[in-house]
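The structure appears right after this line, and notes come after that.
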Amino acid sequence: MKGRAPKPGKKAVKPEPKPRPDALVDPKTLQELIAVFQAAGVSDLEVERSGLRIRLRREGAGSASSPVEASGPASAAGQGAGQPKASAADEAAEGLVTMRSPIVGTFYRSASPYAESYVEEGAYVKKGQVLCIVEAMKLMNEIESEVDGRVVKILMENAKPVEYGEPLFLIEPGAQPEG
Amino acid sequence: MKGRAPKPGKKAVKPEPKPRPDALVDPKTLQELIAVFQAAGVSDLEVERSGLRIRLRREGAGSASSPVEASGPASAAGQGAGQPKASAADEAAEGLVTMRSPIVGTFYRSASPYAESYVEEGAYVKKGQVLCIVEAMKLMNEIESEVDGRVVKILMENAKPVEYGEPLFLIEPGAQPEG
Amino acid sequence: MFKKILIANRGEIAVRVIRACKELGVRSVAVHSEVDKDSVHVRLADEHLCIGPADPALSYRNIPNILSAAEITACDAVHPGYGFLAENAHFAEVCESIGIKFIGPTSENIATMGDKSKARDIMIKHGLPVLPGSEGEIASEQEAAAVAAKIGYPVIIKASAGGGGRGMRVVNKEDELSHAFQAARAEAAAAFGDQGVYVERYFLEPRHIEVQILADEKGRTISLGERDCSVQRRYQKLIEETPSPAVDDRLRRELSRVAVEAAQAVRYRNAGTVEFLLDKERRFYFMEMNTRIQVEHPITEEVTGIDLIKEQIKIAAGMALSWKQQDVKITGHSIECRINAECPDTFTPCPGRITKCHPPGGPGVRVDTAIEPGSEITPYYDSLIAKLIVRGHTRDEALARMRRALDECVIEGIKTTIPLLRRVLDDPDFQKGRFSTAFLERFMSAPSSS
Amino acid sequence: MFKKILIANRGEIAVRVIRACKELGVRSVAVHSEVDKDSVHVRLADEHLCIGPADPALSYRNIPNILSAAEITACDAVHPGYGFLAENAHFAEVCESIGIKFIGPTSENIATMGDKSKARDIMIKHGLPVLPGSEGEIASEQEAAAVAAKIGYPVIIKASAGGGGRGMRVVNKEDELSHAFQAARAEAAAAFGDQGVYVERYFLEPRHIEVQILADEKGRTISLGERDCSVQRRYQKLIEETPSPAVDDRLRRELSRVAVEAAQAVRYRNAGTVEFLLDKERRFYFMEMNTRIQVEHPITEEVTGIDLIKEQIKIAAGMALSWKQQDVKITGHSIECRINAECPDTFTPCPGRITKCHPPGGPGVRVDTAIEPGSEITPYYDSLIAKLIVRGHTRDEALARMRRALDECVIEGIKTTIPLLRRVLDDPDFQKGRFSTAFLERFMSAPSSS
């Protein structure tokens, strides 16, 4: 699961490209390597170590386009109980706040099966307004909006289990109803 | 790469920052390597040491008569019975032929302890001329030169064990005695 | 049998429990903190979900999130592993109350044995051997001094709620008593929120011998023999073995009998360990009972052929013990070495990324671990990253096997205890089985340990 | 004991022998071809040297280079592993002649048992059960027809010098005989340089049962029980187990007795395996004797606790057997799965580079392998890359353990037999122990094997 800690009231920013757990090589090392390579005026550099190989080739020498070529193991993925419902692109959407579940439980859009949903997509909400309920151990935990704004997307289906940090809503902060 | 040889007669200097344990290769070492490579006037450099291999190649060298291919046994963690005595740089020296042992055995430079050596460094040899003996299972196997040329370097000490493919001689092919 | 078990733990013990579930055909649910999302236990479980941030208080010790996770994944049982919530009587009680089976002893067992001074009293009541010391807790310095005068110095002051060496003070002579008493109470209060302490005779070079017991829900209780855990530093075990070089058949029968009686005295259920102190005259004394599976349980599995985690699960599911006492046979010898992500000389934790990881293999070698190449060892949790367990026909074969397995084992990217372990394996006293709980500190301060 | 042993092999068996050397405190020398210079066996040995190029005829089968390597490294013994020179009587003889101990049977043992027809005659002479068939080799079609008529169809024509299924032809009725006879002779001549063939009764669905024996230099011979190797395809074993589901205590005693007598009939020394065919009426017949350690030896180690490679070395060093027959106890159940670098459906070898390699671990799991992340599987050698061995208290526990171990095992970068093995483990007939040598081919051609 992705699940960075919920950041209440903070603007969502483009996530920094964290190195994947199986990141091929420390970028700093690679930068240093390239700097040395470029300063040196050699045409070709290949470094291999414990299964990792890096080859540098100067543009103009041989096949021009890609000066850096790295090969290594790809990341594996297990099948989780809950899959992240929001794609990285969604989460990264500029200026949107992702509301995440602060607890483990079951997501409900309304107070009871017969009640109306707290919010619909497109609705304008106030900071502190209840957006949903996450039920845990028979306790109904009201989840409140961290910001004023417009609900761009509801990322969870009603009555589905949610894990800690699971994205629930995308909110455009500061948005005001017209007129 | 740790453990450069101590440099006698030098003033003690501030200890160099140790390379990070995860660093692919110490950039300083690499710089030195490239300097060595450039000064050496060779076309191709490949260094392999305990799982780390670095290869440098000069542009334009291409297929220019590189009959030497570094494929000898690399010194891994364990200590081999016989260690290659030639550095990769030596082997890569331009236009030289490396004579390797075609069998496993004991290297002798002469036919008997009292006989003269078959060849000395600097000697001119003919193709088919005996360069040394490799004794295996009490059989004396005469190793003949594959080319006409000059013996640039004898890479093995007398009476030492050699493994298959171990470099024995560096020969400059085609060299003729003056006059 | 259960349908699905939630494993309320991480690391190698979570992997161990998942393996048992798979072999029993029970589905497993891994829970994990945010930093553990790429862990091996998460990959191996049938399902997994995030229960909180890195801080264990907010994830692996977070009872509401863990039980809610069990509910939404429809688990009918929880295995706590060791550490975290394993000896939390409240957690066991809440599990019981909401109909999720806690795979372990009853909450009452945990509470009783968690109070060290109370446990001691029960043993005395049942005529079992305990260390000479105070009856129950001690309220004042005067009382402590009186007890110490009676049993003789040195004595040790221990926290009733204690464990892992905290809230303990050794007192060598009377004039140290006042300070030690205050210090132990203050430490106990700070660490456990309970300043209760008691006094016991202190032995300088005892052995730490523990007995594994199993008890089913009907109260049938068996012993699976002892483990010698004397190689430890500051109450952190490093090497364990079974059988103990100091225990012969007759002593083993005695230890087993007492351990079973101790368990029965509190109507103990599931797997537990009774810890004894063995003095130089081979007299033994009840110290405490650990109401959970132990880190070092595999060595008992190796010599008995009994899968303790599967037995735990089967017992919790109401099944009768698969083994009668007379069917438990100890065959061969087993040793465990704990590989910690630590500087081997200072025991300072050493987090980092595993760049290379070649576990040893071949005959008689078992590795219980949750690391693989690329694993990140974070500073949030226990530094134990792998348990290397060997089995041999004799102790000598097991020792030789452990040496070659340690030599084979490649873990790069972090510092580990492997070099220290390897040196201990070469020590003549260790090889001859001559060691006490004082061994490791002495070994490490010796000039040879360069 | 030897000072230094040269291991004339590669891959997992070289690693296995090096481990045994380390546990015995004997130095080890690995030899390797040029393409194997970064192999695990090279890394683990105390010394190593290159003996030739990739082609095994020029390296691992290169007797002068191997013996010269033994001489220059001052080895006093050679372990041949299996394959390559293991059953080369000439190699064993040269070793004997130059005073380097060949760790295995005598060259005479190898030569005698290598001639299948001769071995058969010796068994007949000693009153041991062989398959109904010809006396010695058969010189003509007429003679073959006469024998076949007497013992009844189907029959099988086998090469005297044969092995691994080559030079074999099954004949179902008389009019197929002429063609089969010629074909078998031609194939035998091409494969072994010896066109000698003999005829035996052919059973359609027999079991392949083999008995492990050990004999010391004084001729004391013991049996270590049987292995059931019926799950095979084209004489390539894929899964082995012990005890056999088809063998009870009484049959085991009979098999063991006959195996020991067979070994004694040829004054056999060191470790060997007597192969039997078991028919549906539970009659058994001597097929041949393998004069080396077998790939599948670990399952016998798991249930007996006897380290066969260490025993081989000790026996070769002149030590008496460490075990008496009555001390050999079979405890529990063990299964081996062979993980080959092959396409699991077609058995085509699949070379490549191992990008990821997470071997399974935990209780009762043993992995014998020479691969690690980054290993290159070359097309020059056997496709066996790992042996996954489990041990359980019962056959059911071993089966469950093997399933979870296969599920855990991650090998990426090449195709392996793991998916096929996993499917076999789910087969109800396999689970019930109902299989013959015909099982695997049928299983693979069944529509369910999607």
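Going by the structure tokens order, chains are called A, B, ..., each with residues numbered from 1, while ligands are numbered from 1 in the order shown.
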
If you run DSSP on this backbone, which residues of segment 70-190 of chain D come out as helix (DSSP H, G or I), and could you give them as an MDAnalysis selection string? chainID D and resid 70:72 89:97 107:114 116:125 141:151 174:190

Residues near segment 238-252 of chain D, cut-off 7 Å, only C-alpha atoms, skip fewer than 4 positions along chain, as an MDAnalysis selection string: chainID D and resid 225:229 231:232 256 296 299:300 333:338 433

Counting only C-alpha atoms, which residues of chain C come no farther than 6 Å from chain D, as a PDB file with N, CA and C atoms, in the first residue's frame?
ATOM      1  N   GLU C  23       0.621 -24.042   6.284  1.00  0.00           N
ATOM      2  CA  GLU C  23       0.706 -25.493   6.409  1.00  0.00           C
ATOM      3  C   GLU C  23      -0.562 -26.096   6.988  1.00  0.00           C
ATOM      4  N   GLY C 361      22.635 -22.699   3.704  1.00  0.00           N
ATOM      5  CA  GLY C 361      21.689 -23.791   3.455  1.00  0.00           C
ATOM      6  C   GLY C 361      22.329 -25.128   3.721  1.00  0.00           C
ATOM      7  N   GLY C 362      21.790 -26.154   3.082  1.00  0.00           N
ATOM      8  CA  GLY C 362      22.348 -27.493   3.232  1.00  0.00           C
ATOM      9  C   GLY C 362      21.807 -28.213   4.445  1.00  0.00           C
ATOM     10  N   VAL C 367      16.852 -21.286   8.577  1.00  0.00           N
ATOM     11  CA  VAL C 367      16.942 -19.838   8.726  1.00  0.00           C
ATOM     12  C   VAL C 367      15.527 -19.286   8.872  1.00  0.00           C
ATOM     13  N   ASP C 368      15.277 -18.586   9.953  1.00  0.00           N
ATOM     14  CA  ASP C 368      14.010 -17.884  10.149  1.00  0.00           C
ATOM     15  C   ASP C 368      14.298 -16.401  10.054  1.00  0.00           C
ATOM     16  N   ALA C 400      29.972 -27.593  14.736  1.00  0.00           N
ATOM     17  CA  ALA C 400      30.704 -27.510  13.461  1.00  0.00           C
ATOM     18  C   ALA C 400      29.796 -26.947  12.372  1.00  0.00           C
ATOM     19  N   ARG C 401      28.537 -27.367  12.422  1.00  0.00           N
ATOM     20  CA  ARG C 401      27.569 -26.905  11.417  1.00  0.00           C
ATOM     21  C   ARG C 401      27.292 -25.414  11.581  1.00  0.00           C
TER      22      ARG C 401
END

Pick from D:His79, D:His208, D:Arg220, D:Arg283 nearest to Ala438 of chain D, counting only C-alpha atoms: D:His208

Could you name the residues that touch Val119 of chain A at 10 Å or less, counting only C-alpha atoms, but leaving out those on the same chain fewer than 4 positions away, as a list in words? Arg109, Ser110, Ala123, Tyr124, Val125, Gln129, Val130, Leu131, Cys132, Val151 and Ile154 of chain A

Residue selection dump (C-alpha atoms) as a PDB file, in the first residue's frame:
ATOM      1  CA  ARG A 109     -21.125   7.575   3.374  1.00  0.00           C
ATOM      2  CA  SER A 110     -24.151   8.080   5.596  1.00  0.00           C
ATOM      3  CA  ALA A 123     -20.455  19.353  -3.065  1.00  0.00           C
ATOM      4  CA  TYR A 124     -18.939  22.310  -1.274  1.00  0.00           C
ATOM      5  CA  VAL A 125     -17.846  21.538   2.293  1.00  0.00           C
ATOM      6  CA  GLN A 129     -18.000  19.242   8.286  1.00  0.00           C
ATOM      7  CA  VAL A 130     -18.577  15.478   8.536  1.00  0.00           C
ATOM      8  CA  LEU A 131     -17.740  13.722   5.264  1.00  0.00           C
ATOM      9  CA  CYS A 132     -18.252  10.116   6.222  1.00  0.00           C
ATOM     10  CA  VAL A 151     -15.367  17.419  -3.096  1.00  0.00           C
ATOM     11  CA  ILE A 154     -15.104  10.152  -3.568  1.00  0.00           C
TER      12      ILE A 154
END

Name the residues of segment 119-317 of chain C that fall into strand (DSSP E) according to DSSP on the backbone, using the chain letters and numbers of this document, as a compact mmCIF listing (two decimals) with N, CA, C and O atoms, in the first residue's frame.
# COMPACT_ATOMS: atom_id res chain seq x y z
N VAL C 155 22.10 -9.73 46.92
CA VAL C 155 20.69 -9.93 46.61
C VAL C 155 20.35 -9.10 45.37
O VAL C 155 21.12 -8.24 44.96
N ILE C 156 19.19 -9.36 44.79
CA ILE C 156 18.74 -8.56 43.66
C ILE C 156 17.35 -8.03 43.94
O ILE C 156 16.50 -8.74 44.50
N ILE C 157 17.16 -6.76 43.64
CA ILE C 157 15.84 -6.15 43.78
C ILE C 157 15.20 -6.14 42.40
O ILE C 157 15.83 -5.70 41.43
N LYS C 158 14.00 -6.67 42.29
CA LYS C 158 13.35 -6.78 40.98
C LYS C 158 11.98 -6.12 41.00
O LYS C 158 11.27 -6.19 42.00
N ALA C 159 11.61 -5.55 39.87
CA ALA C 159 10.27 -4.96 39.73
C ALA C 159 9.25 -6.08 39.56
O ALA C 159 9.46 -7.00 38.79
N ARG C 169 18.11 -4.24 40.33
CA ARG C 169 19.34 -3.74 40.92
C ARG C 169 19.98 -4.84 41.75
O ARG C 169 19.33 -5.46 42.58
N VAL C 170 21.27 -5.07 41.52
CA VAL C 170 22.01 -6.02 42.33
C VAL C 170 22.61 -5.28 43.52
O VAL C 170 23.12 -4.16 43.37
N VAL C 171 22.51 -5.89 44.68
CA VAL C 171 23.05 -5.26 45.89
C VAL C 171 24.07 -6.21 46.50
O VAL C 171 23.74 -7.33 46.90
N VAL C 197 8.36 -3.69 44.11
CA VAL C 197 9.58 -4.48 43.92
C VAL C 197 9.63 -5.61 44.95
O VAL C 197 8.93 -5.58 45.95
N TYR C 198 10.47 -6.60 44.68
CA TYR C 198 10.70 -7.66 45.66
C TYR C 198 12.18 -8.01 45.65
O TYR C 198 12.94 -7.55 44.79
N VAL C 199 12.59 -8.81 46.61
CA VAL C 199 14.02 -9.10 46.80
C VAL C 199 14.26 -10.61 46.66
O VAL C 199 13.46 -11.42 47.12
N GLU C 200 15.36 -10.95 45.98
CA GLU C 200 15.74 -12.36 45.84
C GLU C 200 17.24 -12.52 46.03
O GLU C 200 18.01 -11.58 45.79
N ARG C 201 17.65 -13.70 46.38
CA ARG C 201 19.06 -14.06 46.40
C ARG C 201 19.62 -13.88 44.99
O ARG C 201 18.96 -14.18 44.00
N ARG C 207 23.25 -20.46 35.41
CA ARG C 207 22.79 -20.68 34.05
C ARG C 207 21.33 -20.28 33.95
O ARG C 207 20.58 -20.42 34.91
N HIS C 208 20.96 -19.81 32.78
CA HIS C 208 19.56 -19.53 32.49
C HIS C 208 19.02 -20.73 31.72
O HIS C 208 19.38 -20.96 30.58
N ILE C 209 18.18 -21.49 32.42
CA ILE C 209 17.59 -22.70 31.81
C ILE C 209 16.08 -22.50 31.77
O ILE C 209 15.48 -22.14 32.78
N GLU C 210 15.47 -22.72 30.62
CA GLU C 210 14.02 -22.57 30.55
C GLU C 210 13.41 -23.84 29.98
O GLU C 210 14.05 -24.57 29.23
N VAL C 211 12.17 -24.08 30.36
CA VAL C 211 11.49 -25.30 29.91
C VAL C 211 10.27 -24.91 29.09
O VAL C 211 9.46 -24.08 29.52
N GLN C 212 10.17 -25.49 27.91
CA GLN C 212 9.02 -25.24 27.04
C GLN C 212 7.88 -26.15 27.46
O GLN C 212 8.07 -27.36 27.57
N ILE C 213 6.71 -25.56 27.67
CA ILE C 213 5.55 -26.42 27.96
C ILE C 213 4.43 -26.11 26.95
O ILE C 213 4.39 -25.05 26.33
N LEU C 214 3.57 -27.08 26.80
CA LEU C 214 2.36 -26.93 25.99
C LEU C 214 1.20 -27.45 26.83
O LEU C 214 1.31 -28.50 27.46
N ALA C 215 0.10 -26.69 26.84
CA ALA C 215 -1.08 -27.15 27.59
C ALA C 215 -2.30 -26.93 26.70
O ALA C 215 -2.46 -25.85 26.12
N THR C 221 -1.02 -31.04 30.05
CA THR C 221 0.20 -30.25 29.95
C THR C 221 1.40 -31.16 29.76
O THR C 221 1.54 -32.15 30.48
N ILE C 222 2.24 -30.81 28.77
CA ILE C 222 3.46 -31.60 28.57
C ILE C 222 4.66 -30.66 28.53
O ILE C 222 4.55 -29.47 28.27
N SER C 223 5.83 -31.26 28.81
CA SER C 223 7.09 -30.52 28.71
C SER C 223 7.82 -30.97 27.45
O SER C 223 7.78 -32.15 27.09
N LEU C 224 8.48 -30.03 26.79
CA LEU C 224 9.25 -30.35 25.59
C LEU C 224 10.74 -30.15 25.83
O LEU C 224 11.50 -29.90 24.91
N GLY C 225 11.12 -30.30 27.07
CA GLY C 225 12.55 -30.21 27.39
C GLY C 225 13.02 -28.78 27.58
O GLY C 225 12.25 -27.84 27.43
N GLU C 226 14.31 -28.67 27.93
CA GLU C 226 14.84 -27.37 28.31
C GLU C 226 15.59 -26.68 27.16
O GLU C 226 15.90 -27.28 26.15
N ARG C 227 15.82 -25.40 27.37
CA ARG C 227 16.73 -24.63 26.52
C ARG C 227 17.73 -23.92 27.43
O ARG C 227 17.33 -23.38 28.46
N ASP C 228 18.98 -23.92 27.02
CA ASP C 228 20.00 -23.21 27.78
C ASP C 228 20.22 -21.87 27.09
O ASP C 228 20.68 -21.80 25.95
N CYS C 229 19.86 -20.79 27.79
CA CYS C 229 19.95 -19.44 27.21
C CYS C 229 20.93 -18.59 28.00
O CYS C 229 20.72 -17.40 28.20
N SER C 230 22.00 -19.22 28.46
CA SER C 230 22.93 -18.50 29.33
C SER C 230 23.78 -17.48 28.59
O SER C 230 24.28 -16.54 29.21
N VAL C 231 23.96 -17.68 27.29
CA VAL C 231 24.80 -16.73 26.54
C VAL C 231 23.97 -15.49 26.24
O VAL C 231 23.22 -15.44 25.26
N GLN C 232 24.06 -14.51 27.11
CA GLN C 232 23.25 -13.31 27.00
C GLN C 232 24.03 -12.12 27.52
O GLN C 232 25.00 -12.27 28.24
N ARG C 233 23.59 -10.97 27.12
CA ARG C 233 24.25 -9.74 27.57
C ARG C 233 23.15 -8.76 27.93
O ARG C 233 22.31 -8.44 27.11
N GLN C 236 19.76 -9.81 27.20
CA GLN C 236 19.45 -10.06 25.79
C GLN C 236 20.15 -11.36 25.41
O GLN C 236 21.38 -11.42 25.35
N LYS C 237 19.33 -12.38 25.09
CA LYS C 237 19.93 -13.66 24.71
C LYS C 237 20.56 -13.54 23.32
O LYS C 237 20.04 -12.85 22.45
N LEU C 238 21.67 -14.27 23.15
CA LEU C 238 22.35 -14.21 21.85
C LEU C 238 22.46 -15.60 21.23
O LEU C 238 22.30 -15.75 20.02
N ILE C 239 22.75 -16.60 22.06
CA ILE C 239 22.86 -17.97 21.57
C ILE C 239 22.08 -18.88 22.51
O ILE C 239 22.21 -18.75 23.73
N GLU C 240 21.26 -19.76 21.95
CA GLU C 240 20.51 -20.70 22.77
C GLU C 240 20.76 -22.10 22.26
O GLU C 240 21.01 -22.29 21.07
N GLU C 241 20.69 -23.08 23.15
CA GLU C 241 20.84 -24.44 22.67
C GLU C 241 20.02 -25.41 23.50
O GLU C 241 19.63 -25.12 24.63
N THR C 242 19.76 -26.55 22.90
CA THR C 242 19.09 -27.65 23.60
C THR C 242 19.60 -28.96 23.06
O THR C 242 19.85 -29.05 21.86
N ASN C 270 -2.13 -23.20 26.37
CA ASN C 270 -1.31 -22.92 25.19
C ASN C 270 0.19 -23.04 25.50
O ASN C 270 0.58 -23.72 26.44
N ALA C 271 1.04 -22.41 24.68
CA ALA C 271 2.49 -22.55 24.85
C ALA C 271 3.01 -21.56 25.87
O ALA C 271 2.54 -20.42 25.92
N GLY C 272 3.95 -21.99 26.67
CA GLY C 272 4.56 -21.10 27.65
C GLY C 272 5.95 -21.60 28.00
O GLY C 272 6.32 -22.74 27.67
N THR C 273 6.70 -20.73 28.66
CA THR C 273 8.06 -21.09 29.03
C THR C 273 8.29 -20.76 30.48
O THR C 273 8.03 -19.64 30.93
N VAL C 274 8.78 -21.75 31.22
CA VAL C 274 9.09 -21.54 32.62
C VAL C 274 10.60 -21.36 32.73
O VAL C 274 11.37 -22.22 32.31
N GLU C 275 11.00 -20.20 33.24
CA GLU C 275 12.42 -19.88 33.33
C GLU C 275 12.97 -20.23 34.71
O GLU C 275 12.37 -19.88 35.73
N PHE C 276 14.11 -20.92 34.69
CA PHE C 276 14.77 -21.29 35.93
C PHE C 276 16.18 -20.73 35.96
O PHE C 276 16.80 -20.51 34.92
N LEU C 277 16.65 -20.56 37.16
CA LEU C 277 18.05 -20.24 37.37
C LEU C 277 18.68 -21.53 37.90
O LEU C 277 18.15 -22.16 38.81
N LEU C 278 19.81 -21.92 37.31
CA LEU C 278 20.49 -23.14 37.75
C LEU C 278 21.82 -22.74 38.36
O LEU C 278 22.64 -22.09 37.71
N PHE C 284 18.02 -25.78 41.09
CA PHE C 284 17.34 -24.82 40.21
C PHE C 284 16.19 -24.14 40.93
O PHE C 284 15.62 -24.68 41.89
N TYR C 285 15.87 -22.93 40.47
CA TYR C 285 14.87 -22.07 41.11
C TYR C 285 13.99 -21.45 40.05
O TYR C 285 14.49 -20.95 39.04
N PHE C 286 12.71 -21.44 40.30
CA PHE C 286 11.76 -20.76 39.42
C PHE C 286 12.08 -19.26 39.39
O PHE C 286 12.25 -18.64 40.43
N MET C 287 12.17 -18.70 38.20
CA MET C 287 12.36 -17.25 38.09
C MET C 287 11.08 -16.57 37.65
O MET C 287 10.56 -15.69 38.29
N GLU C 288 10.57 -16.98 36.47
CA GLU C 288 9.31 -16.41 35.99
C GLU C 288 8.79 -17.29 34.86
O GLU C 288 9.47 -18.22 34.42
N MET C 289 7.58 -16.98 34.43
CA MET C 289 7.03 -17.72 33.30
C MET C 289 6.73 -16.72 32.20
O MET C 289 6.10 -15.68 32.43
N ASN C 290 7.19 -17.05 30.98
CA ASN C 290 6.88 -16.22 29.83
C ASN C 290 5.63 -16.76 29.14
O ASN C 290 5.60 -17.89 28.68

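In this structure, atom CA of Cys350 of chain D sits 8.8 Å away from atom CA of Thr378 of chain D.
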
Counting only C-alpha atoms, which residues of chain C fall within 12 Å of chain B, and what is the closest atom pair for each with its distance in Å at one decimal, ordered by chain and rising number, as a tab-separated table?
residue	atom	partner	partner_atom	distance
C:Gly352	CA	B:Asp22	CA	9.8
C:Arg353	CA	B:Asp22	CA	8.9
C:Ile354	CA	B:Asp22	CA	9.8
C:Thr355	CA	B:Asp22	CA	7.9
C:Lys356	CA	B:Asp22	CA	10.8
C:Gly374	CA	B:Asp22	CA	11.9
C:Glu408	CA	B:Ala77	CA	11.9
C:Val410	CA	B:Ala77	CA	12.0
C:Glu412	CA	B:Asp22	CA	9.2
C:Gly413	CA	B:Asp22	CA	6.6
C:Ile414	CA	B:Pro21	CA	8.8
C:Lys415	CA	B:Pro21	CA	10.5

Would you mind exporting C-alpha atoms of the selected residues as a tab-separated table (two decimals), in the first residue's frame?
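Once written, result-v6.tsv looks like this:
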chain	number	residue	atom	x	y	z
C	352	GLY	CA	20.26	0.43	6.90
C	353	ARG	CA	19.46	-1.30	3.64
C	354	ILE	CA	20.34	-4.93	3.00
C	355	THR	CA	22.32	-4.91	-0.23
C	356	LYS	CA	23.22	-8.57	-0.30
C	374	GLY	CA	16.71	-4.66	-0.65
C	408	GLU	CA	28.59	-19.03	4.67
C	410	VAL	CA	26.49	-13.16	3.70
C	412	GLU	CA	25.82	-6.80	3.42
C	413	GLY	CA	24.69	-3.21	3.84
C	414	ILE	CA	24.44	-3.27	7.63
C	415	LYS	CA	26.53	-4.44	10.54

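For segment 94-106 of chain B, the list of residues within 6 Å, based on only C-alpha atoms and with local chain neighbours fewer than 5 positions off taken out, reads B:Val134, B:Glu135, B:Ala136, B:Ala159, B:Lys160, B:Pro161, B:Val162, B:Glu163, B:Tyr164, B:Gly165, B:Glu166, B:Pro167, B:Leu168, B:Phe169, B:Leu170, B:Ile171, B:Glu172, D:Asn65, D:Ser68.
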
Would you save the residues from that selection as a short mmCIF file (atom, residue, chain, number, x, y, z; two decimals), in the first residue's frame, using N, CA and C atoms?
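Okay, this is what ended up in result-v9.cif:
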data_model
loop_
_atom_site.label_atom_id
_atom_site.label_comp_id
_atom_site.auth_asym_id
_atom_site.auth_seq_id
_atom_site.Cartn_x
_atom_site.Cartn_y
_atom_site.Cartn_z
N VAL B 134 54.99 -26.82 -18.74
CA VAL B 134 54.01 -26.96 -17.67
C VAL B 134 53.91 -28.44 -17.35
N GLU B 135 54.33 -28.79 -16.15
CA GLU B 135 54.33 -30.19 -15.74
C GLU B 135 52.97 -30.56 -15.16
N ALA B 136 52.42 -31.65 -15.66
CA ALA B 136 51.15 -32.12 -15.13
C ALA B 136 51.22 -33.63 -15.04
N ALA B 159 58.47 -22.60 -11.22
CA ALA B 159 58.05 -23.64 -10.28
C ALA B 159 56.76 -23.31 -9.53
N LYS B 160 55.96 -22.40 -10.09
CA LYS B 160 54.70 -22.07 -9.45
C LYS B 160 53.54 -22.82 -10.13
N PRO B 161 52.53 -23.14 -9.34
CA PRO B 161 51.36 -23.78 -9.95
C PRO B 161 50.60 -22.82 -10.86
N VAL B 162 50.10 -23.34 -11.96
CA VAL B 162 49.29 -22.51 -12.85
C VAL B 162 47.97 -23.20 -13.10
N GLU B 163 46.91 -22.40 -13.23
CA GLU B 163 45.62 -22.98 -13.58
C GLU B 163 45.39 -22.82 -15.07
N TYR B 164 44.30 -23.42 -15.53
CA TYR B 164 43.96 -23.31 -16.94
C TYR B 164 43.72 -21.85 -17.29
N GLY B 165 44.33 -21.40 -18.40
CA GLY B 165 44.08 -20.04 -18.87
C GLY B 165 44.91 -18.98 -18.17
N GLU B 166 45.81 -19.39 -17.33
CA GLU B 166 46.62 -18.43 -16.57
C GLU B 166 47.63 -17.76 -17.50
N PRO B 167 47.75 -16.42 -17.45
CA PRO B 167 48.69 -15.72 -18.34
C PRO B 167 50.13 -16.06 -17.97
N LEU B 168 50.94 -16.44 -18.97
CA LEU B 168 52.34 -16.81 -18.72
C LEU B 168 53.32 -15.78 -19.29
N PHE B 169 53.06 -15.38 -20.55
CA PHE B 169 53.98 -14.45 -21.22
C PHE B 169 53.19 -13.37 -21.94
N LEU B 170 53.81 -12.18 -22.01
CA LEU B 170 53.30 -11.14 -22.90
C LEU B 170 54.27 -11.03 -24.06
N ILE B 171 53.77 -11.15 -25.28
CA ILE B 171 54.65 -11.14 -26.45
C ILE B 171 54.20 -10.04 -27.41
N GLU B 172 55.19 -9.29 -27.89
CA GLU B 172 54.90 -8.27 -28.89
C GLU B 172 55.07 -8.94 -30.25
N ASN D 65 43.68 -32.60 -16.23
CA ASN D 65 43.65 -31.29 -15.57
C ASN D 65 43.16 -31.39 -14.13
N SER D 68 45.92 -33.06 -12.08
CA SER D 68 47.03 -32.12 -11.95
C SER D 68 46.66 -31.02 -10.93
#

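Restricting the calculation to only C-alpha atoms, the smallest distance between Glu121 of chain A and any of A:Met140, A:Ile133, A:Val147, A:Leu155 is found for A:Leu155.
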
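Around Gly318 of chain D, within 10 Å and counting only C-alpha atoms, the residues found are D:Met1, D:Asp216, D:Glu217, D:Lys218, once anything fewer than 6 positions away on its own chain is removed.
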
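The space separating atom CA of Ile385 of chain D from atom CA of Leu67 of chain D comes to 26.5 Å.
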
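Atom pair atom CA of Ala89 of chain D / atom CA of Ala316 of chain D has a distance of 16.2 Å (rounded to one decimal).
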